Amino acid sequence: MDFVAGSIAGATGQLVGHPLDSIKTRLQSESLLARGTNSPTTATSAYKCARNIYNEGGFRAFFRGLSLPLCSKSFEQCIAFGIQSAVDQLLEGMDVDEGTLRTGLSGMAAGSTTSLLLTPIYLVKVQLQVTPKGSLSGPISVIKRTINKLGFSGLYTGAVPIFIGTSIGYGCRFMAYDKATNIAEQSFGFGRIGSVIVGGGMAGMATWASHYPLDLVSSRMEASVALGGRQLTMTEHVKEIFAQSGVRGFFRGIGPCLLRAFPVNS
């Protein structure tokens, strides 16, 4: 029953948060969209981006790329919490004291493992989010096109920033959850349910804030597969972002991302 309840909660959060994720991804990839020959209209703000997405296909356009994340969310969480628990027990057996260090290390192990699952899923999601309906019909179309263009290894485009970012993000997630739930209970008098909601929401925001620049780089690497042009390396993308927008460029789209993070993870 716990697994079923968790699966339903995860799927609901994914469904509710996907429109904001679509806006975030479009904003992250805006400079790539601008130079694409058959790309959607670009925007300079989250509001304009949302309006452009709506003009492309109504409300349904906000949910392009949802199917794979929706189907895989429960599996992802099972892997993450299973690995986190196993590594935590291993560290306990090595006499590592319970606390922030142990929680962070076990969380990072969980994140690095889930990145193997998430990279192809993110690749499909991002490509569908940055292309209008008709350009790519669905996940199978994205997979076929990517393999034809880059081979099977193309399904792991963006794997390095995703691996690093997910490891950092999950480490921060578990540390933030423990801290936030304790503060909510002890300092503000929240009950168990209230503290879990607050802790989950704050953990979600900490997860994304901790590695957002890496997420932006990986999204651009994945989007470029669908939008055409030369495939840049991670380092080349970093240099291009900095040259175009400076440090602020690495945080483009973070507003919709954090707005989505709290309710999706609470």
# chains A, B, ... in the order shown; residues from 1 in each chain; ligands from 1

$ residues_around --residues "Leu136 in chain A" --least-positions-apart "5" --cutoff "12 Å" --atoms "only C-alpha atoms" --output "ChimeraX atom specification"
/A:38-39,64-65,124-131,141-146,225-227

$ write_last_selection --atoms "C-alpha atoms" --output "compact mmCIF listing (two decimals), in the first residue's frame"
# COMPACT_ATOMS: atom_id res chain seq x y z
CA ASN A 38 12.68 25.18 -37.57
CA SER A 39 12.43 26.01 -33.87
CA ARG A 64 4.85 17.40 -24.23
CA GLY A 65 7.49 15.03 -22.94
CA VAL A 124 13.51 12.33 -24.57
CA LYS A 125 11.65 14.79 -22.34
CA VAL A 126 13.80 17.78 -23.25
CA GLN A 127 13.70 17.14 -27.00
CA LEU A 128 9.90 16.95 -26.96
CA GLN A 129 9.64 20.07 -24.81
CA VAL A 130 11.75 22.24 -27.12
CA THR A 131 10.14 21.15 -30.39
CA SER A 141 10.40 9.11 -32.55
CA VAL A 142 12.99 10.86 -30.37
CA ILE A 143 14.84 7.61 -29.61
CA LYS A 144 14.97 6.57 -33.27
CA ARG A 145 16.12 10.00 -34.43
CA THR A 146 18.81 10.20 -31.74
CA VAL A 225 20.25 16.94 -30.63
CA ALA A 226 16.74 17.85 -31.79
CA LEU A 227 17.46 21.41 -32.90

$ residues_around --residues "range 49-61 of chain A" --least-positions-apart "6" --cutoff "12 Å" --atoms "only C-alpha atoms" --output "VMD selection string"
chain A and resid 15 18 to 30 33 39 to 43 128 to 135 253 256

$ closest_residue --among "A:Met94, A:Tyr47, A:Tyr122, A:Tyr156" --to "Pro139 in chain A" --atoms "only C-alpha atoms"
A:Tyr122

$ closest_residue --among "A:Gly138, A:Gly107, A:Gly228, A:Gly10" --to "Glu76 in chain A" --atoms "only C-alpha atoms"
A:Gly10

$ closest_residue --among "A:Ser137, A:Ala176, A:Pro161, A:Phe242" --to "Gly99 in chain A" --atoms "only C-alpha atoms"
A:Ala176

$ select_by_dssp --residues "range 6-174 of chain A" --states "alpha helix (DSSP H)" --output "ChimeraX atom specification"
/A:6-28,30-35,46-57,67-93,100-130,139-150,159-174

$ closest_residue --among "A:Lys48, A:Arg102, A:Arg252, A:Arg260" --to "Met175 in chain A" --atoms "only C-alpha atoms"
A:Arg102

$ residues_around --residues "Ala80 in chain A" --least-positions-apart "2" --cutoff "9 Å" --atoms "only C-alpha atoms" --output "list of chain:residue names"
A:Phe75, A:Glu76, A:Gln77, A:Cys78, A:Gly82, A:Ile83, A:Gln84, A:Ser85, A:Gly107, A:Ala109, A:Ala110, A:Gly111, A:Thr113, A:Thr114, A:Tyr170

$ closest_residue --among "A:Val247, A:Asp178, A:Leu258, A:Leu214" --to "Phe163 in chain A" --atoms "only C-alpha atoms"
A:Leu214

$ closest_residue --among "A:Val217, A:Val16, A:Val238, A:Ala261" --to "Gly165 in chain A" --atoms "only C-alpha atoms"
A:Val217

$ residues_around --residues "Phe262 in chain A" --least-positions-apart "5" --cutoff "6 Å" --atoms "only C-alpha atoms" --output "MDAnalysis selection string"
chainID A and resid 201 204:205

$ write_last_selection --atoms "C-alpha atoms" --output "PDB file, in the first residue's frame"
ATOM      1  CA  GLY A 201       9.125  20.980  -0.280  1.00  0.00           C
ATOM      2  CA  GLY A 204      12.983  19.729  -3.457  1.00  0.00           C
ATOM      3  CA  MET A 205      13.995  23.377  -3.701  1.00  0.00           C
TER       4      MET A 205
END

$ residues_around --residues "Asp215 in chain A" --least-positions-apart "3" --cutoff "7 Å" --atoms "only C-alpha atoms" --output "count of residues only"
7

$ residues_around --residues "Cys172 in chain A" --least-positions-apart "3" --cutoff "8 Å" --atoms "only C-alpha atoms" --output "list in words"
Gly104, Gly107, Ile168, Gly169, Met175, Ala176, Ala203, Ala206, Thr207 and Ser210 of chain A
